[in-house]
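A.B. asks: The structure file query_39.txt (compact mmCIF, C-alpha atoms and all ligand atoms) is provided below.
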# COMPACT_ATOMS: atom_id res chain seq x y z
CA MET A 1 -2.47 115.74 32.79
CA SER A 2 0.00 113.76 30.72
CA GLU A 3 0.89 110.58 32.55
CA ASN A 4 4.03 109.88 30.61
CA LEU A 5 7.06 112.05 30.73
CA ILE A 6 8.71 112.46 27.36
CA THR A 7 12.45 112.54 27.86
CA VAL A 8 14.91 113.87 25.31
CA SER A 9 18.64 113.88 24.78
CA GLY A 10 20.49 117.01 23.72
CA THR A 11 21.99 120.04 25.36
CA LYS A 12 21.05 120.94 28.89
CA GLU A 13 19.00 123.83 27.52
CA GLU A 14 17.12 121.52 25.12
CA GLN A 15 16.38 119.13 27.95
CA TYR A 16 14.95 121.91 30.14
CA GLN A 17 12.99 123.28 27.15
CA SER A 18 11.36 119.90 26.69
CA LEU A 19 10.64 119.49 30.38
CA LEU A 20 9.20 122.92 31.13
CA PRO A 21 5.87 122.71 29.22
CA GLN A 22 5.37 119.16 30.47
CA LEU A 23 5.84 120.31 34.06
CA GLU A 24 3.51 123.21 33.45
CA ALA A 25 0.80 120.80 32.26
CA LEU A 26 1.54 118.43 35.11
CA VAL A 27 1.08 120.95 37.92
CA GLN A 28 -1.79 122.84 36.28
CA GLY A 29 -4.51 120.40 37.29
CA GLU A 30 -3.32 119.89 40.87
CA SER A 31 -3.53 122.48 43.62
CA ASN A 32 -1.59 120.57 46.28
CA LYS A 33 1.99 121.81 46.39
CA VAL A 34 3.45 118.68 47.97
CA ALA A 35 1.97 116.52 45.21
CA ASN A 36 3.38 118.90 42.61
CA MET A 37 6.79 118.94 44.31
CA ALA A 38 6.83 115.15 44.28
CA ASN A 39 6.15 115.02 40.54
CA ILE A 40 8.63 117.80 39.77
CA ALA A 41 11.36 115.96 41.68
CA ALA A 42 10.52 112.73 39.83
CA ALA A 43 10.47 114.47 36.44
CA LEU A 44 13.84 116.19 37.04
CA LYS A 45 15.37 112.92 38.21
CA THR A 46 13.97 111.07 35.18
CA GLN A 47 15.14 113.61 32.60
CA PHE A 48 18.56 114.44 34.04
CA ASP A 49 19.35 111.52 36.33
CA PHE A 50 20.54 113.97 38.94
CA PHE A 51 22.25 112.36 41.93
CA TRP A 52 19.75 113.96 44.31
CA VAL A 53 16.87 116.34 43.65
CA GLY A 54 14.30 117.50 46.13
CA PHE A 55 12.70 120.10 48.30
CA TYR A 56 13.25 121.40 51.79
CA LEU A 57 10.23 123.19 53.23
CA VAL A 58 10.07 125.92 55.86
CA ASP A 59 8.80 124.15 58.97
CA THR A 60 9.45 126.58 61.80
CA SER A 61 10.78 130.13 61.95
CA ASP A 62 14.34 128.82 61.89
CA GLU A 63 14.24 125.32 60.37
CA LEU A 64 13.69 123.59 57.04
CA VAL A 65 12.35 120.05 56.91
CA LEU A 66 12.89 117.51 54.16
CA GLY A 67 10.13 117.43 51.54
CA PRO A 68 9.51 115.36 48.40
CA PHE A 69 12.75 114.16 46.82
CA GLN A 70 14.37 111.55 44.59
CA GLY A 71 17.72 109.98 45.40
CA PRO A 72 19.53 108.68 48.46
CA ILE A 73 18.13 109.33 51.94
CA ALA A 74 18.99 112.81 53.18
CA CYS A 75 19.28 115.03 56.26
CA THR A 76 15.81 115.81 57.54
CA ARG A 77 16.35 119.25 59.11
CA ILE A 78 18.45 122.27 58.19
CA LYS A 79 18.69 125.46 60.28
CA LYS A 80 18.20 128.86 58.70
CA GLY A 81 21.55 130.22 57.55
CA ARG A 82 23.24 126.79 57.66
CA GLY A 83 24.58 124.91 54.64
CA VAL A 84 23.68 125.85 51.08
CA CYS A 85 19.93 125.38 51.60
CA GLY A 86 19.78 127.41 54.81
CA THR A 87 21.87 130.15 53.20
CA VAL A 88 19.54 130.34 50.20
CA TRP A 89 16.58 130.58 52.57
CA GLN A 90 18.25 133.38 54.53
CA ASN A 91 19.48 135.36 51.52
CA GLU A 92 16.43 134.67 49.34
CA HIS A 93 18.45 134.11 46.18
CA SER A 94 19.76 131.09 44.30
CA LEU A 95 23.24 129.65 44.71
CA VAL A 96 25.30 127.57 42.28
CA VAL A 97 28.05 125.76 44.19
CA PRO A 98 30.66 124.26 41.82
CA ASP A 99 32.59 122.52 44.61
CA VAL A 100 30.70 121.76 47.80
CA ASP A 101 33.94 121.26 49.75
CA ALA A 102 34.80 124.90 49.06
CA PHE A 103 31.47 126.16 50.45
CA PRO A 104 31.86 127.11 54.12
CA GLY A 105 29.33 125.19 56.22
CA HIS A 106 28.16 122.91 53.42
CA ILE A 107 26.04 120.10 54.89
CA ALA A 108 27.15 116.75 53.46
CA CYS A 109 24.05 114.55 53.49
CA SER A 110 26.05 112.29 51.18
CA SER A 111 29.82 112.20 50.82
CA LEU A 112 29.26 111.53 47.11
CA SER A 113 27.75 114.95 46.47
CA ARG A 114 30.31 117.25 44.78
CA SER A 115 28.38 120.20 43.35
CA GLU A 116 24.98 121.69 43.98
CA VAL A 117 22.40 124.28 42.91
CA VAL A 118 19.71 125.57 45.25
CA VAL A 119 16.85 127.93 44.36
CA PRO A 120 14.30 129.46 46.74
CA LEU A 121 10.54 129.00 46.47
CA ILE A 122 9.19 132.47 47.01
CA ASP A 123 5.46 132.75 47.56
CA GLN A 124 3.95 136.19 48.05
CA GLY A 125 7.30 137.65 48.96
CA ARG A 126 8.34 135.04 51.46
CA VAL A 127 10.47 131.90 51.19
CA ILE A 128 8.37 128.77 51.75
CA GLY A 129 11.13 126.29 50.87
CA VAL A 130 14.02 125.56 48.52
CA LEU A 131 14.68 123.22 45.61
CA ASP A 132 18.06 121.51 45.97
CA VAL A 133 19.81 119.60 43.16
CA ASP A 134 23.04 117.71 43.84
CA SER A 135 25.55 116.11 41.48
CA ASP A 136 28.25 113.57 42.15
CA GLU A 137 30.47 115.49 39.71
CA LEU A 138 32.30 118.73 40.33
CA ASN A 139 31.12 121.86 38.55
CA ASP A 140 27.99 120.26 37.10
CA PHE A 141 25.66 123.29 37.34
CA ASP A 142 25.66 126.75 35.82
CA GLU A 143 23.38 129.71 35.19
CA VAL A 144 21.32 127.63 32.72
CA ASP A 145 20.31 125.28 35.54
CA GLN A 146 19.67 128.19 37.85
CA ARG A 147 17.48 129.99 35.29
CA TYR A 148 15.36 126.97 34.41
CA LEU A 149 15.05 125.70 37.96
CA GLU A 150 13.84 129.17 39.00
CA ARG A 151 11.21 128.97 36.24
CA ILE A 152 10.21 125.50 37.40
CA VAL A 153 9.71 126.56 41.02
CA SER A 154 7.75 129.59 39.87
CA LEU A 155 5.25 127.17 38.27
CA LEU A 156 4.96 125.50 41.61
CA VAL A 157 4.30 128.53 43.73
CA LYS A 158 1.44 129.50 41.41
CA THR A 159 -0.37 126.30 42.36
CA GLY A 160 -2.77 126.41 45.31
CA THR A 161 -2.24 125.02 48.79
N1 LIG A 201 24.01 120.02 50.89
C1 LIG A 201 22.84 120.68 51.40
C2 LIG A 201 22.05 119.77 52.31
C3 LIG A 201 21.00 119.01 51.63
S1 LIG A 201 21.55 117.64 50.83
O1 LIG A 201 22.55 118.01 49.84
C4 LIG A 201 20.35 116.76 50.13
C5 LIG A 201 23.24 121.94 52.12
O2 LIG A 201 24.41 122.21 52.33
O3 LIG A 201 22.33 122.68 52.51
What would you get if you wrote out this structure as structure tokens?

C.D. replies:
Amino acid sequence: MSENLITVSGTKEEQYQSLLPQLEALVQGESNKVANMANIAAALKTQFDFFWVGFYLVDTSDELVLGPFQGPIACTRIKKGRGVCGTVWQNEHSLVVPDVDAFPGHIACSSLSRSEVVVPLIDQGRVIGVLDVDSDELNDFDEVDQRYLERIVSLLVKTGT
């Protein structure tokens, strides 16, 4: 496993292209998903300096619990179907939210968060959690983020426990 993350400047696509093989190498040698989530959150924060990046994990049949993350402290529990994360869990597909204030039921863990992208972690056909990335700028995410973040979480679900 490489112990140093190589960061690059460039377009968003170039940044994800640089990050992806490094993340692949990083998670390959570790079968514990929480450890891999922690490093993925740290790597995304380091490369992009996202305002908040982290995971919510399915804890009970109707509740997510906060997992590994980087950024300000956050809400610890989110009900299924509530907020962006709970909606992604329920609908099992990613959401790009350009303006969180325009999303009905958005959960404001921080009043500074303005836009958000959330992708589900689907393991053997069932959602085991979500990856949530928040920005303090409006309209900061698009289908490029969605596509690469989906690839990143797919690396994760391939790893063991
Ligand atoms: N905004 C999210 C809650 C999680 S925080 O942004 C870290 C939501 O509406 O689900």

A.B. asks: Can you tell me which residues sit at most 6 Å away from ligand LIG 201 (chain A), counting all atoms listed in the file, written as a list in words?

C.D. replies: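 What falls inside 6 Å of ligand LIG 201 (chain A) is Ala74, Gly83, Val84, Cys85, Gly86, His106, Ile107, Ala108 and Cys109 of chain A.
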
A.B. asks: Please produce a file of the residues just selected, as a PDB file, in the coordinates of the input, where the atoms kept are C-alpha atoms.

C.D. replies:
ATOM      1  CA  ALA A  74      18.990 112.810  53.180  1.00  0.00           C
ATOM      2  CA  GLY A  83      24.580 124.910  54.640  1.00  0.00           C
ATOM      3  CA  VAL A  84      23.680 125.850  51.080  1.00  0.00           C
ATOM      4  CA  CYS A  85      19.930 125.380  51.600  1.00  0.00           C
ATOM      5  CA  GLY A  86      19.780 127.410  54.810  1.00  0.00           C
ATOM      6  CA  HIS A 106      28.160 122.910  53.420  1.00  0.00           C
ATOM      7  CA  ILE A 107      26.040 120.100  54.890  1.00  0.00           C
ATOM      8  CA  ALA A 108      27.150 116.750  53.460  1.00  0.00           C
ATOM      9  CA  CYS A 109      24.050 114.550  53.490  1.00  0.00           C
TER      10      CYS A 109
END

A.B. asks: Of the candidates A:Phe103, A:Phe69, A:Phe141, A:Phe55, which one gets nearest to A:Leu156 if we count all atoms listed in the file?

C.D. replies: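 Result for the nearest residue to A:Leu156: A:Phe55.
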
A.B. asks: Ranking A:Gly54, A:Ala25, A:Glu14, A:Leu131 by minimum distance to A:Ile73 and counting all atoms listed in the file, which one comes first?

C.D. replies: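 Among the listed residues, the smallest separation from A:Ile73 belongs to A:Gly54.
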
A.B. asks: Could you tell me which of A:Thr159, A:Asp59, A:Arg82, A:Leu149 comes closest to A:Leu19 if we count all atoms listed in the file?

C.D. replies: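 Under the stated criterion, the closest residue is A:Leu149.
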
A.B. asks: Mind giving me the straight-line distance from atom CA of A:Asp145 to atom CA of A:Leu20 in Å, one decimal?

C.D. replies: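 These two atoms are separated by 12.2 Å.
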
A.B. asks: Could you get me a file of stretch 16-31 of chain A with all heavy atoms, as a compact mmCIF listing (two decimals), in the first residue's frame, taken from the block above?

C.D. replies:
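Result saved to selection-v1.txt:
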# COMPACT_ATOMS: atom_id res chain seq x y z
N TYR A 16 -9.91 13.16 -10.25
CA TYR A 16 -10.46 11.84 -9.95
C TYR A 16 -9.63 10.74 -10.62
O TYR A 16 -9.42 9.67 -10.04
CB TYR A 16 -11.91 11.73 -10.44
CG TYR A 16 -12.94 12.34 -9.51
CD1 TYR A 16 -13.68 13.45 -9.90
CD2 TYR A 16 -13.19 11.80 -8.25
CE1 TYR A 16 -14.64 14.01 -9.07
CE2 TYR A 16 -14.15 12.34 -7.40
CZ TYR A 16 -14.88 13.44 -7.82
OH TYR A 16 -15.82 13.99 -6.99
N GLN A 17 -9.15 11.01 -11.84
CA GLN A 17 -8.35 10.00 -12.57
C GLN A 17 -7.07 9.69 -11.81
O GLN A 17 -6.59 8.56 -11.82
CB GLN A 17 -7.96 10.53 -13.96
CG GLN A 17 -9.11 10.65 -14.94
CD GLN A 17 -9.44 9.34 -15.61
OE1 GLN A 17 -8.90 8.30 -15.27
NE2 GLN A 17 -10.35 9.38 -16.57
N SER A 18 -6.50 10.69 -11.18
CA SER A 18 -5.28 10.48 -10.40
C SER A 18 -5.59 9.71 -9.11
O SER A 18 -4.82 8.86 -8.67
CB SER A 18 -4.66 11.85 -10.08
OG SER A 18 -3.88 11.79 -8.92
N LEU A 19 -6.72 10.02 -8.54
CA LEU A 19 -7.09 9.44 -7.24
C LEU A 19 -7.50 7.97 -7.34
O LEU A 19 -7.15 7.15 -6.49
CB LEU A 19 -8.25 10.27 -6.67
CG LEU A 19 -8.54 10.22 -5.19
CD1 LEU A 19 -7.29 10.56 -4.38
CD2 LEU A 19 -9.67 11.19 -4.86
N LEU A 20 -8.22 7.65 -8.40
CA LEU A 20 -8.84 6.33 -8.50
C LEU A 20 -7.86 5.15 -8.37
O LEU A 20 -8.07 4.27 -7.53
CB LEU A 20 -9.64 6.26 -9.81
CG LEU A 20 -10.77 5.25 -9.87
CD1 LEU A 20 -11.79 5.43 -8.77
CD2 LEU A 20 -11.45 5.33 -11.23
N PRO A 21 -6.76 5.11 -9.15
CA PRO A 21 -5.84 3.98 -9.00
C PRO A 21 -5.16 3.96 -7.62
O PRO A 21 -4.86 2.89 -7.09
CB PRO A 21 -4.80 4.19 -10.11
CG PRO A 21 -4.98 5.58 -10.59
CD PRO A 21 -6.36 6.01 -10.24
N GLN A 22 -4.96 5.14 -7.06
CA GLN A 22 -4.35 5.19 -5.72
C GLN A 22 -5.31 4.60 -4.68
O GLN A 22 -4.90 3.88 -3.77
CB GLN A 22 -4.00 6.62 -5.34
CG GLN A 22 -2.94 7.24 -6.24
CD GLN A 22 -2.51 8.58 -5.67
OE1 GLN A 22 -1.75 8.65 -4.72
NE2 GLN A 22 -3.01 9.66 -6.26
N LEU A 23 -6.59 4.91 -4.83
CA LEU A 23 -7.58 4.36 -3.90
C LEU A 23 -7.70 2.85 -4.08
O LEU A 23 -7.85 2.10 -3.11
CB LEU A 23 -8.94 5.02 -4.09
CG LEU A 23 -9.02 6.48 -3.66
CD1 LEU A 23 -10.43 7.02 -3.88
CD2 LEU A 23 -8.64 6.64 -2.20
N GLU A 24 -7.62 2.44 -5.33
CA GLU A 24 -7.71 1.01 -5.63
C GLU A 24 -6.57 0.27 -4.90
O GLU A 24 -6.80 -0.75 -4.25
CB GLU A 24 -7.58 0.81 -7.14
CG GLU A 24 -8.15 -0.49 -7.60
CD GLU A 24 -8.41 -0.47 -9.10
OE1 GLU A 24 -8.11 0.54 -9.78
OE2 GLU A 24 -8.90 -1.49 -9.59
N ALA A 25 -5.37 0.83 -5.00
CA ALA A 25 -4.20 0.21 -4.35
C ALA A 25 -4.35 0.25 -2.83
O ALA A 25 -4.01 -0.70 -2.12
CB ALA A 25 -2.93 0.93 -4.77
N LEU A 26 -4.91 1.35 -2.36
CA LEU A 26 -5.05 1.55 -0.92
C LEU A 26 -5.98 0.52 -0.28
O LEU A 26 -5.71 -0.01 0.78
CB LEU A 26 -5.58 2.97 -0.70
CG LEU A 26 -5.54 3.59 0.68
CD1 LEU A 26 -4.11 3.72 1.17
CD2 LEU A 26 -6.19 4.98 0.62
N VAL A 27 -7.11 0.26 -0.95
CA VAL A 27 -8.10 -0.63 -0.32
C VAL A 27 -7.81 -2.11 -0.60
O VAL A 27 -8.31 -2.98 0.11
CB VAL A 27 -9.56 -0.30 -0.75
CG1 VAL A 27 -9.89 1.14 -0.42
CG2 VAL A 27 -9.82 -0.61 -2.22
N GLN A 28 -6.97 -2.35 -1.62
CA GLN A 28 -6.71 -3.73 -2.04
C GLN A 28 -6.17 -4.62 -0.92
O GLN A 28 -6.59 -5.75 -0.77
CB GLN A 28 -5.68 -3.70 -3.16
CG GLN A 28 -5.92 -4.73 -4.23
CD GLN A 28 -5.10 -4.39 -5.47
OE1 GLN A 28 -3.98 -3.92 -5.34
NE2 GLN A 28 -5.67 -4.62 -6.63
N GLY A 29 -5.25 -4.08 -0.14
CA GLY A 29 -4.61 -4.91 0.88
C GLY A 29 -5.34 -4.95 2.21
O GLY A 29 -4.83 -5.50 3.18
N GLU A 30 -6.52 -4.35 2.28
CA GLU A 30 -7.23 -4.28 3.57
C GLU A 30 -8.66 -4.77 3.38
O GLU A 30 -9.38 -4.26 2.52
CB GLU A 30 -7.22 -2.83 4.09
CG GLU A 30 -8.00 -2.63 5.35
CD GLU A 30 -7.58 -3.57 6.47
OE1 GLU A 30 -6.42 -3.52 6.90
OE2 GLU A 30 -8.41 -4.41 6.90
N SER A 31 -9.06 -5.72 4.21
CA SER A 31 -10.41 -6.28 4.03
C SER A 31 -11.45 -5.61 4.93
O SER A 31 -12.64 -5.87 4.78
CB SER A 31 -10.39 -7.78 4.30
OG SER A 31 -10.04 -8.00 5.65
